[in-house]
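As provided, model_21.cif (mmCIF, C-alpha atoms) reads as follows.
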```cif
data_upload
loop_
_atom_site.label_atom_id
_atom_site.label_comp_id
_atom_site.auth_asym_id
_atom_site.auth_seq_id
_atom_site.Cartn_x
_atom_site.Cartn_y
_atom_site.Cartn_z
CA MET A 1249 18.88 -31.73 -10.26
CA TYR A 1250 15.35 -30.33 -10.09
CA LEU A 1251 16.27 -28.22 -7.08
CA LYS A 1252 19.01 -26.49 -9.10
CA MET A 1253 16.39 -25.52 -11.70
CA ILE A 1254 13.53 -24.66 -9.36
CA VAL A 1255 15.39 -22.28 -7.05
CA PRO A 1256 16.56 -19.85 -9.82
CA VAL A 1257 13.13 -19.90 -11.49
CA PHE A 1258 11.43 -19.20 -8.15
CA ALA A 1259 13.88 -16.34 -7.47
CA VAL A 1260 13.06 -14.72 -10.82
CA ILE A 1261 9.31 -15.06 -10.25
CA LEU A 1262 9.64 -13.55 -6.77
CA ALA A 1263 11.71 -10.62 -8.09
CA VAL A 1264 9.19 -9.84 -10.83
CA ALA A 1265 6.22 -10.12 -8.49
CA SER A 1266 7.77 -7.89 -5.82
CA SER A 1267 8.37 -5.09 -8.33
CA MET A 1268 4.61 -4.88 -8.91
CA LEU A 1269 3.49 -4.80 -5.27
CA VAL A 1270 0.75 -2.34 -4.39
CA GLY A 1271 2.42 0.62 -2.71
CA GLY A 1272 5.76 -0.04 -4.38
CA LEU A 1273 7.56 2.53 -6.51
CA VAL A 1274 6.88 2.17 -10.22
CA ASP A 1275 8.58 4.00 -13.09
CA ALA A 1276 6.12 6.41 -14.70
CA ASP A 1277 5.64 7.88 -18.15
CA MET A 1278 6.33 11.62 -18.34
CA ASN A 1279 3.76 11.82 -21.15
CA ASP A 1280 0.96 10.86 -18.72
CA GLU A 1281 -1.28 13.88 -18.10
CA ASP A 1282 -1.47 13.33 -14.32
CA VAL A 1283 2.33 13.12 -14.10
CA GLN A 1284 2.72 16.34 -16.10
CA ASN A 1285 0.14 18.14 -13.96
CA ALA A 1286 1.88 17.09 -10.75
CA LEU A 1287 5.24 18.37 -12.01
CA LYS A 1288 3.72 21.67 -13.22
CA PHE A 1289 2.13 22.13 -9.79
CA ALA A 1290 5.45 21.49 -8.05
CA VAL A 1291 7.32 23.98 -10.27
CA VAL A 1292 4.71 26.69 -9.66
CA GLN A 1293 4.92 26.10 -5.90
CA TYR A 1294 8.71 26.21 -6.01
CA ASN A 1295 8.75 29.49 -7.94
CA ARG A 1296 6.29 31.04 -5.45
CA LYS A 1297 8.53 30.19 -2.50
CA THR A 1298 11.96 31.06 -3.89
CA ASN A 1299 13.42 34.55 -3.54
CA ASP A 1300 15.01 34.44 -7.00
CA ALA A 1301 13.88 37.28 -9.28
CA TYR A 1302 13.77 34.88 -12.23
CA VAL A 1303 11.47 31.98 -12.94
CA ARG A 1304 12.99 28.51 -12.81
CA GLN A 1305 11.78 25.59 -14.88
CA VAL A 1306 12.60 21.95 -15.45
CA SER A 1307 15.45 21.69 -17.93
CA GLU A 1308 15.64 17.88 -17.81
CA VAL A 1309 13.55 15.09 -16.35
CA ILE A 1310 15.92 12.41 -15.11
CA LYS A 1311 13.46 10.00 -13.51
CA VAL A 1312 9.76 9.81 -12.65
CA GLN A 1313 8.19 7.29 -10.33
CA THR A 1314 4.74 6.86 -8.83
CA GLN A 1315 3.58 5.19 -5.66
CA VAL A 1316 0.02 4.31 -4.73
CA VAL A 1317 -0.63 5.56 -1.20
CA SER A 1318 -3.90 7.06 0.03
CA GLY A 1319 -3.80 8.86 -3.29
CA MET A 1320 -0.89 9.01 -5.68
CA LYS A 1321 2.64 10.04 -4.84
CA TYR A 1322 4.81 11.32 -7.70
CA ILE A 1323 8.58 11.25 -7.21
CA PHE A 1324 10.53 13.38 -9.68
CA THR A 1325 14.28 13.61 -10.14
CA VAL A 1326 14.81 16.66 -12.34
CA LYS A 1327 17.26 19.38 -13.24
CA MET A 1328 15.94 22.90 -12.62
CA ALA A 1329 17.39 25.98 -14.29
CA ARG A 1330 16.90 29.73 -14.25
CA THR A 1331 15.09 31.19 -17.25
CA SER A 1332 15.22 34.61 -18.85
CA CYS A 1333 11.73 35.48 -17.51
CA ARG A 1334 11.36 37.67 -14.45
CA LYS A 1335 8.77 36.72 -11.86
CA GLY A 1336 5.57 38.66 -12.31
CA GLY A 1337 6.35 39.33 -15.96
CA VAL A 1338 3.96 38.81 -18.85
CA GLU A 1339 6.18 36.45 -20.85
CA THR A 1340 4.82 32.94 -21.18
CA LEU A 1341 7.57 31.29 -23.24
CA CYS A 1342 10.59 31.23 -21.00
CA THR A 1343 13.82 29.62 -22.13
CA VAL A 1344 16.67 28.47 -19.94
CA HIS A 1345 19.70 30.78 -20.02
CA LYS A 1346 22.40 29.53 -22.35
CA ASN A 1347 25.11 30.75 -19.97
CA PRO A 1348 25.55 27.97 -17.35
CA ALA A 1349 26.68 30.48 -14.73
CA ILE A 1350 23.37 32.33 -15.03
CA ALA A 1351 21.19 29.22 -15.57
CA GLN A 1352 22.47 27.70 -12.30
CA VAL A 1353 21.26 24.20 -13.15
CA THR A 1354 20.62 22.10 -10.05
CA LYS A 1355 19.50 18.50 -9.60
CA CYS A 1356 16.43 18.16 -7.41
CA LYS A 1357 14.13 15.57 -5.95
CA ILE A 1358 10.49 16.65 -5.79
CA VAL A 1359 7.72 14.59 -4.21
CA VAL A 1360 4.08 15.48 -4.87
CA TRP A 1361 1.09 13.86 -3.18
CA SER A 1362 -2.26 13.99 -4.96
CA GLN A 1363 -5.71 13.00 -3.70
CA PRO A 1364 -8.04 14.02 -6.54
CA TRP A 1365 -11.23 12.92 -4.75
CA MET A 1366 -10.34 15.34 -1.91
CA ASN A 1367 -9.30 18.05 -4.37
CA SER A 1368 -5.91 17.99 -2.65
CA ILE A 1369 -2.39 18.22 -4.03
CA LYS A 1370 0.74 18.98 -1.96
CA VAL A 1371 4.48 19.14 -2.38
CA LEU A 1372 5.86 16.88 0.36
CA GLU A 1373 9.55 17.28 -0.47
CA ASN A 1374 11.65 19.56 -2.65
CA THR A 1375 15.43 19.42 -2.43
CA CYS A 1376 15.95 22.32 -4.86
CA PRO A 1377 17.96 25.12 -3.25
#
```
Write the structure described by the file as structure tokens, please.
Amino acid sequence: MYLKMIVPVFAVILAVASSMLVGGLVDADMNDEDVQNALKFAVVQYNRKTNDAYVRQVSEVIKVQTQVVSGMKYIFTVKMARTSCRKGGVETLCTVHKNPAIAQVTKCKIVVWSQPWMNSIKVLENTCP
């Protein structure tokens, strides 16, 4: 009888403990300043590398996770869309095109690795086209 009670309780405890392992992926809060800075950095880097004449920005944050490595890894699942601002322009408030054909919304995975004590931040992965 006790075995029937102990095994499920132990399984639940093990599941909860494993979700908080050091180095494991943890859901993050998009309102956290470090998370926001990492995403802003990734978007700037993406816009520098793309040949599109228009700036792209995040239109929706789907999921944010962090992972403690030798630094902090930020894993973003986002939707990126084309704005009405041209690259090199002076506009600072760019809105996503209302026309879906022009906005070209795409789902992307972006991974950023930050080591603040080394003054280092890098985009490790970006699946945006």
> Which of these, A:Val1359, A:Ile1350, A:Gly1271, A:Thr1331, has the shortest distance to Val1306 (chain A) once you count only C-alpha atoms?
Replying inline: A:Thr1331
> Hey, what's within 7 Å of Ser1307 (chain A) if we count all atoms listed in the file and toss same-chain stuff fewer than 6 positions away? As a list in words, please?
Replying inline: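 Here the answer would be Lys1327, Met1328 and Ala1329 of chain A.
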Might you spell out which residues the PyMOL selection byres ((chain A and resi 1288) around 12) would select in the displayed file, as a compact mmCIF listing (two decimals) with C-alpha atoms, keeping the file's coordinate frame?
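For reference, result.txt as written:
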```txt
# COMPACT_ATOMS: atom_id res chain seq x y z
CA MET A 1278 6.33 11.62 -18.34
CA GLU A 1281 -1.28 13.88 -18.10
CA ASP A 1282 -1.47 13.33 -14.32
CA VAL A 1283 2.33 13.12 -14.10
CA GLN A 1284 2.72 16.34 -16.10
CA ASN A 1285 0.14 18.14 -13.96
CA ALA A 1286 1.88 17.09 -10.75
CA LEU A 1287 5.24 18.37 -12.01
CA PHE A 1289 2.13 22.13 -9.79
CA ALA A 1290 5.45 21.49 -8.05
CA VAL A 1291 7.32 23.98 -10.27
CA VAL A 1292 4.71 26.69 -9.66
CA GLN A 1293 4.92 26.10 -5.90
CA TYR A 1294 8.71 26.21 -6.01
CA ASN A 1295 8.75 29.49 -7.94
CA ARG A 1304 12.99 28.51 -12.81
CA GLN A 1305 11.78 25.59 -14.88
CA VAL A 1306 12.60 21.95 -15.45
CA TYR A 1322 4.81 11.32 -7.70
CA PHE A 1324 10.53 13.38 -9.68
CA ILE A 1358 10.49 16.65 -5.79
CA VAL A 1360 4.08 15.48 -4.87
CA ILE A 1369 -2.39 18.22 -4.03
CA LYS A 1370 0.74 18.98 -1.96
CA VAL A 1371 4.48 19.14 -2.38
```
>> Quick check, in Å to one decimal: how far apart do CA of Val1312 (chain A) and CA of Pro1364 (chain A) lie?
In response: 19.3 Å
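What the PyMOL selection byres ((chain A and resi 1356) around 7) grabs from this file is Thr1325, Val1326, Lys1327, Thr1354, Lys1355, Lys1357, Ile1358, Asn1374, Thr1375 and Cys1376 of chain A.
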> Suppose you want the space between CA of Leu1372 (chain A) and CA of Leu1273 (chain A); what is it in Å?
Replying inline: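 Interatomic distance, CA of Leu1372 (chain A) to CA of Leu1273 (chain A): 16.0 Å.
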